[in-house]
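This is protein-v7.txt (compact mmCIF, C-alpha atoms and all ligand atoms).
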```
# COMPACT_ATOMS: atom_id res chain seq x y z
CA MET S 524 22.10 7.18 39.04
CA VAL S 525 24.12 8.68 41.83
CA GLY S 526 27.85 9.36 41.48
CA TYR S 527 30.08 7.68 44.06
CA ALA S 528 33.67 8.15 45.20
CA ASP S 529 34.90 6.43 48.37
CA GLY S 530 38.33 7.36 49.72
CA HIS S 531 38.90 4.29 51.90
CA CYS S 532 38.13 0.60 52.20
CA ASP S 533 39.99 -2.50 53.36
CA THR S 534 38.44 -4.82 50.79
CA ILE S 535 41.69 -6.04 49.24
CA VAL S 536 43.14 -7.20 52.57
CA ARG S 537 39.86 -8.85 53.56
CA LEU S 538 39.48 -10.69 50.25
CA TRP S 539 43.10 -11.84 50.34
CA GLU S 540 42.65 -13.21 53.85
CA LYS S 541 39.36 -14.94 53.06
CA ASN S 542 40.31 -16.04 49.57
CA GLN S 543 37.26 -14.35 48.08
CA GLU S 544 36.58 -12.51 44.85
CA LEU S 545 36.18 -8.80 44.13
CA PHE S 546 33.39 -9.45 41.63
CA SER S 547 31.03 -10.81 44.27
CA ASN S 548 31.59 -11.60 47.96
CA ASP S 549 29.88 -11.50 51.35
CA GLY S 550 31.72 -8.42 52.63
CA HIS S 551 30.79 -4.74 52.34
CA ILE S 552 32.02 -4.08 48.80
CA ASP S 553 32.06 -5.92 45.49
CA ILE S 554 31.85 -5.01 41.83
CA VAL S 555 28.23 -6.11 41.48
CA ARG S 556 27.11 -3.79 44.27
CA LEU S 557 29.40 -0.86 43.33
CA ASN S 558 27.67 -0.85 39.96
CA LYS S 559 24.52 0.41 41.61
CA PHE S 560 26.19 3.83 41.24
CA SER S 561 27.17 5.88 38.25
CA ALA S 562 30.91 5.74 37.39
CA PRO S 563 31.98 4.69 40.91
CA LEU S 564 35.48 5.38 42.16
CA GLN S 565 36.86 3.24 44.97
CA PHE S 566 40.13 3.68 46.85
CA PHE S 567 41.53 0.25 47.79
CA ALA S 568 43.88 0.50 50.75
CA ILE S 569 46.61 -1.92 51.62
CA TRP S 570 46.77 -2.09 55.39
CA LEU S 571 49.61 -3.94 57.05
CA ASP S 572 48.88 -5.69 60.31
CA SER S 573 51.66 -5.26 62.87
CA LYS S 574 52.51 -8.97 62.54
CA TYR S 575 53.73 -8.14 59.02
CA HIS S 576 55.85 -5.14 60.02
CA PRO S 577 59.18 -6.98 59.85
CA ILE S 578 58.26 -7.89 56.26
CA SER S 579 56.02 -4.96 55.35
CA MET S 580 57.27 -4.56 51.82
CA ARG S 581 57.01 -8.27 51.03
CA GLN S 582 53.44 -8.37 52.34
CA ALA S 583 52.54 -5.18 50.46
CA MET S 584 53.76 -6.86 47.25
CA LYS S 585 51.40 -9.80 47.87
CA TYR S 586 48.44 -7.48 48.32
CA ILE S 587 49.37 -5.39 45.27
CA GLU S 588 49.66 -8.54 43.18
CA PHE S 589 46.27 -9.70 44.45
CA TYR S 590 44.75 -6.26 43.65
CA TYR S 591 45.97 -6.38 40.06
CA SER S 592 44.99 -10.01 39.56
CA GLN S 593 41.44 -9.16 40.70
CA LEU S 594 41.34 -6.15 38.38
CA GLN S 595 42.63 -8.25 35.50
CA LYS S 596 39.91 -10.86 36.03
CA ASN S 597 37.32 -8.09 35.82
CA SER S 598 39.02 -5.82 33.31
CA ARG S 599 35.83 -5.28 31.33
CA VAL S 600 34.12 -3.61 34.28
CA ILE S 601 36.85 -2.08 36.48
CA GLY S 602 40.04 -0.20 35.69
CA HIS S 603 43.01 0.98 37.75
CA ILE S 604 43.62 4.73 37.71
CA ASN S 605 46.97 6.51 37.71
CA SER S 606 45.61 9.93 36.87
CA PHE S 607 42.44 11.95 36.71
CA THR S 608 42.35 11.32 32.94
CA ASP S 609 42.01 7.61 33.72
CA VAL S 610 38.91 8.37 35.81
CA ILE S 611 37.33 10.13 32.82
CA LYS S 612 38.36 7.31 30.51
CA ASN S 613 36.81 4.69 32.78
CA ARG S 614 33.65 6.73 33.05
CA LEU S 615 33.31 6.84 29.24
CA GLU S 616 33.84 3.07 29.10
CA ASN S 617 31.32 2.49 31.88
CA LYS S 618 33.97 1.05 34.19
CA ILE S 619 34.50 1.36 37.91
CA SER S 620 37.67 3.32 38.77
CA ALA S 621 40.06 1.74 41.27
CA LEU S 622 42.73 3.72 43.12
CA LEU S 623 45.49 1.84 44.92
CA ALA S 624 46.47 3.24 48.35
CA LEU S 625 48.81 2.26 51.16
CA GLU S 626 47.61 2.55 54.75
CA GLY S 627 50.75 2.99 56.85
CA GLY S 628 54.22 4.16 55.83
CA GLU S 629 55.59 0.87 57.21
CA ALA S 630 55.39 -0.40 53.64
CA LEU S 631 58.38 1.80 52.76
CA GLU S 632 60.60 0.06 55.33
CA GLY S 633 62.47 3.35 55.76
CA GLU S 634 63.57 3.42 52.14
CA ILE S 635 62.84 6.72 50.39
CA SER S 636 63.30 5.29 46.91
CA ALA S 637 60.43 2.89 47.67
CA ILE S 638 58.08 5.86 47.17
CA HIS S 639 59.09 5.85 43.51
CA THR S 640 58.72 2.08 43.25
CA TYR S 641 55.23 2.18 44.75
CA TYR S 642 54.38 5.05 42.43
CA ARG S 643 55.46 2.94 39.45
CA LEU S 644 53.31 0.13 40.83
CA GLY S 645 50.33 2.47 40.69
CA VAL S 646 50.02 3.57 44.33
CA ARG S 647 48.51 7.07 44.38
CA SER S 648 47.72 7.67 48.04
CA ILE S 649 49.55 6.91 51.29
CA THR S 650 48.15 7.16 54.82
CA LEU S 651 51.35 8.19 56.60
CA THR S 652 50.76 6.16 59.76
CA TRP S 653 48.33 3.75 61.29
CA ASN S 654 47.63 4.24 65.03
CA HIS S 655 51.19 3.64 66.19
CA ARG S 656 54.66 5.09 65.65
CA ASN S 657 56.49 4.37 62.45
CA ARG S 658 59.53 5.84 60.72
CA LEU S 659 57.45 8.67 59.25
CA ALA S 660 55.57 9.92 62.30
CA ASP S 661 53.56 9.04 65.40
CA GLY S 662 50.01 7.79 65.08
CA VAL S 663 47.01 8.80 67.23
CA ALA S 664 47.70 6.09 69.81
CA GLU S 665 51.05 7.73 70.62
CA GLU S 666 49.56 11.11 71.55
CA GLU S 667 51.48 11.39 74.86
CA SER S 668 54.77 11.50 72.99
CA ARG S 669 53.70 14.70 71.23
CA GLY S 670 55.70 13.29 68.34
CA GLY S 671 55.08 14.65 64.88
CA LEU S 672 56.74 14.01 61.55
CA THR S 673 60.28 12.69 61.46
CA ARG S 674 62.80 14.03 58.95
CA PHE S 675 62.09 10.91 56.93
CA GLY S 676 58.35 11.67 57.10
CA ARG S 677 58.96 15.16 55.74
CA GLN S 678 61.08 13.76 52.95
CA VAL S 679 58.30 11.28 52.10
CA ILE S 680 55.74 14.09 51.80
CA GLU S 681 58.08 16.07 49.58
CA GLU S 682 58.61 13.11 47.24
CA MET S 683 54.90 12.25 47.22
CA GLU S 684 53.88 15.76 46.28
CA GLU S 685 56.56 15.90 43.61
CA LEU S 686 55.31 12.65 42.06
CA GLY S 687 51.60 13.43 42.43
CA MET S 688 50.44 11.21 45.27
CA LEU S 689 47.82 12.01 47.89
CA VAL S 690 49.05 12.53 51.44
CA ASP S 691 46.50 11.03 53.85
CA VAL S 692 46.53 12.15 57.51
CA SER S 693 43.86 9.83 58.94
CA HIS S 694 45.35 7.97 61.97
CA LEU S 695 48.09 10.60 62.38
CA SER S 696 48.91 12.21 65.77
CA GLU S 697 47.95 15.85 66.34
CA SER S 698 51.58 17.01 66.20
CA GLY S 699 52.02 15.03 63.00
CA PHE S 700 48.93 16.69 61.59
CA SER S 701 50.27 20.17 62.42
CA ASP S 702 53.58 19.28 60.77
CA VAL S 703 51.79 18.19 57.59
CA VAL S 704 49.91 21.50 57.57
CA LYS S 705 53.28 23.24 57.83
CA PHE S 706 55.10 21.23 55.15
CA ALA S 707 52.44 20.25 52.62
CA LYS S 708 52.29 22.46 49.57
CA LYS S 709 49.34 20.67 47.99
CA PRO S 710 45.87 19.68 49.23
CA PHE S 711 45.98 16.66 51.53
CA ILE S 712 43.20 14.41 52.78
CA ALA S 713 41.95 12.68 55.90
CA SER S 714 40.50 9.75 53.99
CA HIS S 715 38.44 8.21 56.79
CA SER S 716 37.85 10.42 59.86
CA ASN S 717 34.84 12.19 61.35
CA ALA S 718 34.20 15.28 63.53
CA ARG S 719 35.46 15.04 67.11
CA ALA S 720 32.95 17.70 68.25
CA ILE S 721 30.17 15.21 67.43
CA CYS S 722 31.89 11.99 68.52
CA ASP S 723 34.83 12.47 70.84
CA MET S 724 37.26 9.78 69.65
CA PRO S 725 40.98 10.28 68.98
CA ARG S 726 40.52 9.07 65.38
CA ASN S 727 38.13 11.95 64.67
CA LEU S 728 39.30 15.45 63.82
CA LYS S 729 39.07 18.60 65.93
CA ASP S 730 37.48 21.68 64.39
CA ASN S 731 40.80 23.42 63.84
CA GLN S 732 42.03 20.34 61.96
CA LEU S 733 38.91 20.23 59.78
CA LEU S 734 39.46 23.89 59.02
CA LYS S 735 43.12 23.36 58.07
CA ILE S 736 42.19 20.63 55.60
CA ALA S 737 39.61 22.95 54.04
CA GLU S 738 42.11 25.82 53.89
CA LYS S 739 44.53 23.54 52.06
CA GLY S 740 41.80 22.47 49.65
CA GLY S 741 41.70 18.81 50.71
CA VAL S 742 38.81 16.64 51.87
CA VAL S 743 37.72 14.72 54.96
CA GLY S 744 36.11 11.35 54.19
CA LEU S 745 33.14 10.31 56.35
CA ASN S 746 33.96 7.09 58.20
CA LEU S 747 31.06 4.66 58.76
CA TYR S 748 32.55 2.81 61.72
CA SER S 749 29.87 3.04 64.45
CA PRO S 750 32.29 3.97 67.31
CA PHE S 751 33.53 6.93 65.22
CA ILE S 752 29.96 8.10 64.57
CA VAL S 753 28.40 7.79 68.02
CA LYS S 754 30.00 7.33 71.42
CA TYR S 755 27.48 4.64 72.44
CA GLY S 756 25.44 2.21 70.39
CA GLN S 757 25.38 1.51 66.68
CA GLY S 758 24.23 4.87 65.35
CA GLY S 759 22.35 5.50 62.15
CA ILE S 760 22.10 7.79 59.16
CA ASP S 761 20.77 10.62 61.39
CA ASP S 762 24.01 10.51 63.35
CA ILE S 763 26.06 10.71 60.15
CA LEU S 764 23.98 13.74 59.21
CA SER S 765 25.02 15.37 62.52
CA HIS S 766 28.66 14.98 61.52
CA ILE S 767 27.91 16.45 58.09
CA GLN S 768 25.97 19.33 59.63
CA HIS S 769 28.91 20.14 61.87
CA MET S 770 31.51 19.77 59.13
CA LEU S 771 29.46 22.02 56.87
CA SER S 772 29.39 24.68 59.57
CA VAL S 773 33.17 24.47 60.09
CA MET S 774 34.45 23.81 56.55
CA GLY S 775 31.69 24.57 54.08
CA GLU S 776 30.39 22.18 51.45
CA ASP S 777 33.46 21.65 49.29
CA PHE S 778 35.62 19.60 51.65
CA ILE S 779 33.50 16.64 52.80
CA ALA S 780 33.78 13.29 51.04
CA LEU S 781 33.24 9.58 51.72
CA GLY S 782 35.79 7.35 53.43
CA THR S 783 33.60 4.43 54.44
CA ASP S 784 36.26 2.12 55.92
CA PHE S 785 34.12 -0.74 54.54
CA ASP S 786 35.55 -4.23 55.02
CA GLY S 787 37.83 -2.90 57.76
CA ILE S 788 35.05 -2.38 60.29
CA HIS S 789 32.78 -4.78 62.11
CA SER S 790 30.02 -2.33 63.01
CA THR S 791 28.20 -0.01 60.62
CA PRO S 792 25.24 2.37 61.07
CA LYS S 793 21.96 0.48 61.36
CA GLU S 794 20.61 1.29 57.88
CA ILE S 795 23.87 0.59 56.07
CA SER S 796 25.32 -2.91 55.83
CA GLY S 797 27.46 -2.35 52.75
CA VAL S 798 27.94 -0.25 49.64
CA GLN S 799 24.53 -1.40 48.33
CA ASP S 800 22.85 0.76 50.99
CA MET S 801 24.79 3.94 50.36
CA ASP S 802 22.03 5.38 48.18
CA LEU S 803 19.97 5.68 51.39
CA LEU S 804 22.65 7.97 52.78
CA PHE S 805 22.61 9.99 49.56
CA ILE S 806 18.85 10.47 49.74
CA SER S 807 19.05 11.53 53.40
CA ILE S 808 21.81 14.06 52.66
CA GLU S 809 19.82 15.33 49.70
CA ASN S 810 16.68 15.74 51.82
CA GLU S 811 18.56 17.50 54.62
CA PHE S 812 21.11 19.64 52.76
CA GLY S 813 20.06 19.58 49.09
CA LYS S 814 21.17 17.79 45.94
CA VAL S 815 24.23 19.95 45.29
CA VAL S 816 25.73 19.16 48.69
CA ALA S 817 24.86 15.46 48.37
CA GLU S 818 26.61 15.22 45.00
CA LYS S 819 29.66 17.06 46.30
CA ILE S 820 29.98 14.71 49.28
CA PHE S 821 29.30 11.58 47.25
CA SER S 822 31.83 12.24 44.50
CA GLU S 823 32.64 15.73 43.32
CA ASN S 824 34.81 16.94 46.21
CA LEU S 825 37.14 13.94 46.15
CA LEU S 826 37.35 14.05 42.35
CA ARG S 827 38.39 17.71 42.55
CA VAL S 828 41.31 16.79 44.81
CA LEU S 829 42.36 13.92 42.53
CA LYS S 830 42.32 16.27 39.57
CA GLU S 831 44.50 18.72 41.44
CA VAL S 832 47.01 16.34 43.00
CA LEU S 833 47.48 13.27 40.77
ZN ZN C 1 42.19 3.08 58.88
```
Rewrite the structure from the file as structure tokens, please.
Amino acid sequence: MVGYADGHCDTIVRLWEKNQELFSNDGHIDIVRLNKFSAPLQFFAIWLDSKYHPISMRQAMKYIEFYYSQLQKNSRVIGHINSFTDVIKNRLENKISALLALEGGEALEGEISAIHTYYRLGVRSITLTWNHRNRLADGVAEEESRGGLTRFGRQVIEEMEELGMLVDVSHLSESGFSDVVKFAKKPFIASHSNARAICDMPRNLKDNQLLKIAEKGGVVGLNLYSPFIVKYGQGGIDDILSHIQHMLSVMGEDFIALGTDFDGIHSTPKEISGVQDMDLLFISIENEFGKVVAEKIFSENLLRVLKEVL
């Protein structure tokens, strides 16, 4: 069986909205289908729609409660991880590993001590911004401002690194990205972004950004949202391979991971309609670039970063 580690999905928010179950549902990800892989690791992001921004923390609490209630219901087959040791423990017990992440620093509501509270609640990764401006930094949709990290944003990164949380730069503006490169002392990730040289979208990363992440020892997670893979049409596995090919040429094989964005996207590559089809991507990567590269992309690279940072 193939190892699997996915750095981003929106499953928790989707299930909460639709009142569905993590064990089995009609979205992209559930426990039944994750178990197709060996010792899978899934990041579960809590994304806060702008309508919740005045009450970001309150809404985040609802999602976190829902996350843990779903894990509790399925505690024989899935376990929350706080550290890399927990990943190993879950693997030995044949359980799926679940990592809790926040997508958007709005959830802090400008309160630095909230970082510690979220850490205690088991959050181990924070995407600093979504597309827009928040108290930490500007997102990609604010590019004209040339705004980067605020003082608060820098403070957040410092606290996160001190505690052992992953800093995630997906959705961040270019200036914000450069600031993170300047201030981050540990590897950081772009959990769900592709190569801009292959698909020219603001959410994808330029070559110099890919290189910086590699130099810092982080990873870039391949996003399966069609518009981030190909400029026109739905795209397919071949198009994902083009991104991988390019990323390999810029970064080498140790810095590419998965960041599917499953359950947060409405269009996926034609051969992949959920996690159950991801073995097709593995086989294609294996055929094109070899087994070692496929295993690194599918799990080993992200696990290395978790081991180093958490
Ligand atoms: Zn996102």
As a ChimeraX atom specification, please: the residues near Gly775 in chain S (cut-off 12 Å, only C-alpha atoms, same-chain neighbours under 5 positions excluded). /S:733-734,736-738,740,742-743,767-770,780,812,816,819-820,824
For ligand ZN 1 (chain C), collect every residue having any atom at a distance of at most 8 Å from a ligand atom (counting all atoms listed in the file); output as number ranges by chain. S: 531, 570, 626, 653, 693-694, 715, 784, 787
Pick from S:Gly744, S:Gly699, S:Gly602, S:Gly758, whichever lies nearest to Ile779 in chain S using only C-alpha atoms: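 Under the stated criterion, the closest residue is S:Gly744.
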Quick one: axis-aligned box around all listed atoms of range 690-699 of chain S, 5 Å on every side, centre and edge lengths in Å to one decimal, written as JSON.
```
{"center_x": 47.9, "center_y": 12.5, "center_z": 58.9, "size_x": 18.2, "size_y": 19.0, "size_z": 24.9}
```
With only C-alpha atoms as the atoms that count, which of S:Glu776, S:Asp529, S:Glu794, S:Glu667 lies nearest to Glu697 in chain S?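 The answer is S:Glu667, which sits nearest to Glu697 in chain S.
All protein, DNA and RNA residues at most 10 Å from (35.2, 3.4, 41.0) are Gly526, Tyr527, Ala528, Asp529, Ile554, Leu557, Asn558, Phe560, Ser561, Ala562, Pro563, Leu564, Gln565, Phe566, Phe567, Val600, Ile601, Gly602, His603, Ile604, Val610, Asn613, Arg614, Asn617, Lys618, Ile619, Ser620, Ala621 and Leu622 of chain S, using all atoms listed in the file.
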Please, which residues are within 12 Å of (37.7, -3.2, 49.4) by the file's coordinates, counting only C-alpha atoms, and could they come as an MDAnalysis selection string? chainID S and resid 529:539 543:554 556:557 564:570 586 589:590 593:594 621:624 782:788 797:798
Take the selection from the previous step and output its residues with C-alpha atoms, as a compact mmCIF listing (two decimals), in the coordinates of the input.
```txt
# COMPACT_ATOMS: atom_id res chain seq x y z
CA ASP S 529 34.90 6.43 48.37
CA GLY S 530 38.33 7.36 49.72
CA HIS S 531 38.90 4.29 51.90
CA CYS S 532 38.13 0.60 52.20
CA ASP S 533 39.99 -2.50 53.36
CA THR S 534 38.44 -4.82 50.79
CA ILE S 535 41.69 -6.04 49.24
CA VAL S 536 43.14 -7.20 52.57
CA ARG S 537 39.86 -8.85 53.56
CA LEU S 538 39.48 -10.69 50.25
CA TRP S 539 43.10 -11.84 50.34
CA GLN S 543 37.26 -14.35 48.08
CA GLU S 544 36.58 -12.51 44.85
CA LEU S 545 36.18 -8.80 44.13
CA PHE S 546 33.39 -9.45 41.63
CA SER S 547 31.03 -10.81 44.27
CA ASN S 548 31.59 -11.60 47.96
CA ASP S 549 29.88 -11.50 51.35
CA GLY S 550 31.72 -8.42 52.63
CA HIS S 551 30.79 -4.74 52.34
CA ILE S 552 32.02 -4.08 48.80
CA ASP S 553 32.06 -5.92 45.49
CA ILE S 554 31.85 -5.01 41.83
CA ARG S 556 27.11 -3.79 44.27
CA LEU S 557 29.40 -0.86 43.33
CA LEU S 564 35.48 5.38 42.16
CA GLN S 565 36.86 3.24 44.97
CA PHE S 566 40.13 3.68 46.85
CA PHE S 567 41.53 0.25 47.79
CA ALA S 568 43.88 0.50 50.75
CA ILE S 569 46.61 -1.92 51.62
CA TRP S 570 46.77 -2.09 55.39
CA TYR S 586 48.44 -7.48 48.32
CA PHE S 589 46.27 -9.70 44.45
CA TYR S 590 44.75 -6.26 43.65
CA GLN S 593 41.44 -9.16 40.70
CA LEU S 594 41.34 -6.15 38.38
CA ALA S 621 40.06 1.74 41.27
CA LEU S 622 42.73 3.72 43.12
CA LEU S 623 45.49 1.84 44.92
CA ALA S 624 46.47 3.24 48.35
CA GLY S 782 35.79 7.35 53.43
CA THR S 783 33.60 4.43 54.44
CA ASP S 784 36.26 2.12 55.92
CA PHE S 785 34.12 -0.74 54.54
CA ASP S 786 35.55 -4.23 55.02
CA GLY S 787 37.83 -2.90 57.76
CA ILE S 788 35.05 -2.38 60.29
CA GLY S 797 27.46 -2.35 52.75
CA VAL S 798 27.94 -0.25 49.64
```
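Put simply, CA of Leu833 in chain S is 18.3 Å away from CA of Gln678 in chain S.
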What is the CA of Cys722 in chain S-CA of Asp702 in chain S distance in Å, reported with one decimal?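 One can read the CA of Cys722 in chain S to CA of Asp702 in chain S distance as 24.2 Å.
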To one decimal place in Å, what is the distance between CA of Thr791 in chain S and CA of Asn654 in chain S?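 Between CA of Thr791 in chain S and CA of Asn654 in chain S the gap works out to 20.4 Å.
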Using all atoms listed in the file, pick whichever of S:His576, S:Lys754, S:Arg647, S:His766 has the shortest atom-to-atom distance to Gly633 in chain S. S:His576
Restricting the calculation to all atoms listed in the file, which member of S:Glu684, S:Ala630, S:Leu695, S:Asp730 is positioned closest to Leu771 in chain S?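 Comparing S:Glu684, S:Ala630, S:Leu695, S:Asp730 against Leu771 in chain S, the winner is S:Asp730.
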Got a sec: who's within 9 Å of range 805-809 of chain S, counting only C-alpha atoms, leaving out chain neighbours fewer than 6 positions off, as a list in words?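 After dropping sequence-adjacent residues, the list is Val525, Ile760, Asp761, Leu764, Ile767, Val815, Val816, Ala817, Glu818, Ile820 and Phe821 of chain S.
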Among the residues S:Gly671, S:Pro577, S:Pro792, S:Pro710, the one that comes closest to Val753 in chain S [using all atoms listed in the file]: S:Pro792
Can you take range 759-774 of chain S from the block and write N, CA and C atoms as a CSV table (one decimal), in the first residue's frame?
```csv
chain,number,residue,atom,x,y,z
S,759,GLY,N,-5.8,17.3,-16.3
S,759,GLY,CA,-5.8,15.9,-15.8
S,759,GLY,C,-4.4,15.6,-15.2
S,760,ILE,N,-4.2,14.3,-14.9
S,760,ILE,CA,-3.0,13.9,-14.3
S,760,ILE,C,-1.7,14.4,-15.0
S,761,ASP,N,-1.8,14.3,-16.4
S,761,ASP,CA,-0.6,14.8,-17.2
S,761,ASP,C,-0.3,16.2,-16.8
S,762,ASP,N,-1.3,17.0,-16.6
S,762,ASP,CA,-1.0,18.4,-16.3
S,762,ASP,C,-0.4,18.6,-14.9
S,763,ILE,N,-0.8,17.7,-14.0
S,763,ILE,CA,-0.2,17.7,-12.6
S,763,ILE,C,1.3,17.3,-12.8
S,764,LEU,N,1.5,16.3,-13.7
S,764,LEU,CA,2.9,15.9,-13.9
S,764,LEU,C,3.8,17.0,-14.4
S,765,SER,N,3.2,17.9,-15.2
S,765,SER,CA,3.9,19.1,-15.7
S,765,SER,C,4.4,20.0,-14.6
S,766,HIS,N,3.5,20.2,-13.6
S,766,HIS,CA,3.9,21.0,-12.4
S,766,HIS,C,5.0,20.3,-11.7
S,767,ILE,N,4.9,19.0,-11.5
S,767,ILE,CA,5.9,18.2,-10.8
S,767,ILE,C,7.2,18.3,-11.5
S,768,GLN,N,7.2,18.1,-12.8
S,768,GLN,CA,8.4,18.2,-13.6
S,768,GLN,C,9.1,19.5,-13.4
S,769,HIS,N,8.3,20.6,-13.4
S,769,HIS,CA,8.9,21.9,-13.3
S,769,HIS,C,9.4,22.1,-11.8
S,770,MET,N,8.6,21.7,-10.9
S,770,MET,CA,9.1,21.9,-9.5
S,770,MET,C,10.3,21.1,-9.2
S,771,LEU,N,10.4,19.9,-9.8
S,771,LEU,CA,11.6,19.1,-9.6
S,771,LEU,C,12.8,19.8,-10.2
S,772,SER,N,12.6,20.5,-11.4
S,772,SER,CA,13.8,21.2,-12.0
S,772,SER,C,14.2,22.4,-11.2
S,773,VAL,N,13.2,23.0,-10.5
S,773,VAL,CA,13.6,24.2,-9.7
S,773,VAL,C,14.1,23.8,-8.3
S,774,MET,N,13.3,22.9,-7.6
S,774,MET,CA,13.6,22.6,-6.2
S,774,MET,C,14.3,21.3,-5.9
```
